[in-house]
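What follows is a single structure, written as structure tokens, with notes after it.
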Amino acid sequence: MKRIKGGEEDSDSSSCESPSEACKKVRTQTSEESEAAAASETPESDWVRLPQELLLHIFQYLPLLDRAYASQVCRRWNQAFHMPELWRCFEFELNQPASSYLKATHPDLIKQIIKRHSNHLQYVSFKVDSSTESAEAACDILSQLVNCSLKTLGLISTARPSFMKVPKSHFISALTVVFVNSKSLSSLKIDDTPVDDPSLKVLVANNSDTLRLLKMSSCPHVSPAGILCVADQCHGLRELALNYHLLSDELLLALSSEKHVHLEHLRIDVVSEKPGQHFHTIKKSSWDAMVRHSPKFNLVMYFFLYEDKFGPFFNEEVPVTHLYFGRSVSKEVLGRVGLHCPRLVELVVCANGLRPLDEELIRIAKHCTQLSAIGLGECEVSCSAFVEFVKLCGRRLSQLSIMEEVLIPDHKYSLDEIHWEVSKHLGRVWFPDMMPTW
């Protein structure tokens with residue numbers, strides 16, 4: 001009876017409501033239910049409906065491991081994970097856990113890439129640690145890229161040159177696979193590898209029309225004739241990096257021929273690799289031909305020589321623009337730099353000795369009128385000479401990295417005063433460095 005009575009009371013109370021209030025109550029209840037349903041369905045439906053192009057854009061910003069996790073969310077994301085656009089650029093990181101703390105590309109992922117995406121790869125690099133096993137693994141992967149057409153390839157040893165420990169035949173065989181199948185290789189970085197002249201001929205035979213950049217410093221099996229073959233055939237080459245022993249008058253003349261495009265960068269590493277090594281001299285006429293053909297090219301030279309090895313260098317005009325001395329260099333050599341390097345833009349001297357470089361710096365400031373960056377390490381310069389150097393160069397000095405220990409106080413300036421005087425001539429606040437910044 002009570003339930004009936006209660007029901008009657010409820011029905012009576014509801015019947016007392018006006019029609020407009022009842023409709024309002026129904027609309028509010030319906031709206032709350034629809035909002036609750038939308039709140040539970042919208043996230044899922046929105047993520048599922050993301051356009052493939054937007055998914056691709058998001059995936060491109062994800063680290064590889066996060067991208068692999070995301071591919072397990074749903075079928076569409078897994079399909080996005082395998083889109084060819086995501087696999088055009090890839091860096092294989094090959095490290096041995098026992099000898100390296102760096103992360104390595106998982107072997108299962110490497111197998112999947114070779115199986116499903118080798119024909120999509122275009123911009124590839126291999127970063128290996130100091131172990132021979134990692135370098136051999138890189139060669140094994142290269143050997144399987146028979147269906148790819150690479151545009152760029154880089155072989156990078158993060159520590160010691162581990163590719164040099166791989167049997168030469170194994171390395172050359174793997175590299176030949178890429179050279180033969182690519183046909184459109186434009187950039188090749190193979191420093192510290194056992195590449196040789198015959199393999200360079202294979203490179204030229206298949207990629208001469210497309211090669212633009214070649215870096216091959218410290219490749220002892222390549223001869224001057226081998227690199228000359230590249231210059232003779234690859235007329236589109238714009239950047240070249242090699243050791244000084246491969247540089248020749250014939251190479252410079254080949255790079256200066258009418259068929260060849262204007263060279264943009266030529267990097268030369270001058271390293272004493274064995275005791276008693278002698279260095280040849282490049283004729284001034286060969287350098288002049290190079291400048292006439294490519295007047296804006298940058299000649300970058302890294303010197304890692306002892307002082308008694310500089311005899312053949314800087315006795316005549318050299319069109320060097322960026323000059324780095326990694327070991328001690330004498331006052332005499334720096335004096336010759338000031339006389340014979342009019343195109344010099346950047347100069348770094350890591351060490352000199354205990355004799356001040358006052359005259360040499362002022363000579364460089366007067367004759368090297370394009371100099372805009374200089375770094376001095378274990379050297380000595382009087383404060384007065386340094387101020388004079390800055391005054392001669394003026395505001396074109398965009399980078400001035402001088403260790404505080406380099407500056408020797410004299411009768412005109414103390415260390416506390418020199419930064420104000422230098423700042424005045426530079427047009428900006430300047431202080432000596434507490435440690436090398438180059």
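Chain labels run A, B, ... following the order of the structure tokens; each chain numbers its residues from 1, and ligands are numbered from 1 in the order shown.
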Dump as JSON lines the rows for residues of stretch 57-168 of chain A within 10 Å of stretch 203-216 of chain A: closest atom pair and distance in Å with one decimal, only C-alpha atoms counted, ordered by chain and rising residue number.
```
{"residue": "A:Lys151", "atom": "CA", "partner": "A:Thr210", "partner_atom": "CA", "distance": 8.7}
{"residue": "A:Thr152", "atom": "CA", "partner": "A:Leu213", "partner_atom": "CA", "distance": 9.1}
{"residue": "A:Gly154", "atom": "CA", "partner": "A:Lys215", "partner_atom": "CA", "distance": 9.1}
```
Could you pull out all residues of stretch 243-395 of chain A with a DSSP call of strand (DSSP E) and give them as an MDAnalysis selection string?
chainID A and resid 243 265:271 298:304 322:328 346:351 373:378 381:382
Surrounding residues of A:Arg76 excluding itself and chain neighbours under 5 positions, 12 Å, only C-alpha atoms, as a PyMOL selection string
chain A and resi 47-53+55-56+70-71+81-83
Determine which residues of stretch 342-380 of chain A DSSP labels as helix (DSSP H, G or I) from the backbone of this structure, then write them out as a ChimeraX atom specification.
/A:358-367
Please produce an output containing N, CA and C atoms for each residue in the selection, written as an mmCIF file, in the first residue's frame.
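Printed below is again-v6.cif as written:
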```
data_model
loop_
_atom_site.group_PDB
_atom_site.id
_atom_site.type_symbol
_atom_site.label_atom_id
_atom_site.label_comp_id
_atom_site.auth_asym_id
_atom_site.auth_seq_id
_atom_site.Cartn_x
_atom_site.Cartn_y
_atom_site.Cartn_z
ATOM 1 N N ASP A 358 103.516 39.220 -31.265
ATOM 2 C CA ASP A 358 103.084 40.592 -31.527
ATOM 3 C C ASP A 358 103.204 40.967 -33.004
ATOM 4 N N GLU A 359 104.399 40.832 -33.573
ATOM 5 C CA GLU A 359 104.627 41.240 -34.957
ATOM 6 C C GLU A 359 103.799 40.390 -35.921
ATOM 7 N N GLU A 360 103.708 39.100 -35.648
ATOM 8 C CA GLU A 360 102.990 38.200 -36.553
ATOM 9 C C GLU A 360 101.498 38.538 -36.602
ATOM 10 N N LEU A 361 100.897 38.815 -35.450
ATOM 11 C CA LEU A 361 99.474 39.156 -35.428
ATOM 12 C C LEU A 361 99.197 40.457 -36.159
ATOM 13 N N ILE A 362 100.035 41.462 -35.959
ATOM 14 C CA ILE A 362 99.835 42.748 -36.635
ATOM 15 C C ILE A 362 100.013 42.601 -38.144
ATOM 16 N N ARG A 363 100.967 41.763 -38.548
ATOM 17 C CA ARG A 363 101.156 41.512 -39.980
ATOM 18 C C ARG A 363 99.930 40.824 -40.575
ATOM 19 N N ILE A 364 99.372 39.865 -39.860
ATOM 20 C CA ILE A 364 98.166 39.166 -40.330
ATOM 21 C C ILE A 364 97.003 40.145 -40.446
ATOM 22 N N ALA A 365 96.868 41.043 -39.459
ATOM 23 C CA ALA A 365 95.779 42.023 -39.504
ATOM 24 C C ALA A 365 95.909 42.951 -40.703
ATOM 25 N N LYS A 366 97.129 43.320 -41.068
ATOM 26 C CA LYS A 366 97.342 44.247 -42.177
ATOM 27 C C LYS A 366 97.134 43.590 -43.541
ATOM 28 N N HIS A 367 97.602 42.369 -43.693
ATOM 29 C CA HIS A 367 97.574 41.733 -45.011
ATOM 30 C C HIS A 367 96.346 40.848 -45.244
#
```
Skipping near chain neighbours, those fewer than 2 positions away, what residues fall within 6 Å of stretch 306-316 of chain A using only C-alpha atoms, listed as a PyMOL selection string?
chain A and resi 281+329+336+340
Those selected residues, please, written with C-alpha atoms and delivered as a compact mmCIF listing (two decimals), in the first residue's frame.
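Written out: out05.txt:
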```
# COMPACT_ATOMS: atom_id res chain seq x y z
CA THR A 281 104.76 21.51 -52.78
CA VAL A 329 103.45 26.29 -34.84
CA ARG A 336 104.62 33.51 -43.67
CA HIS A 340 100.99 34.73 -48.28
```
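Of the residues listed (A:Phe59, A:Tyr123, A:Arg238, A:Ala135), A:Tyr123 shows the shortest atom-to-atom separation from A:Ser182; distances use only C-alpha atoms.
The space between atom CA of A:Ser131 and atom CA of A:Ser149 spans 28.1 Å.
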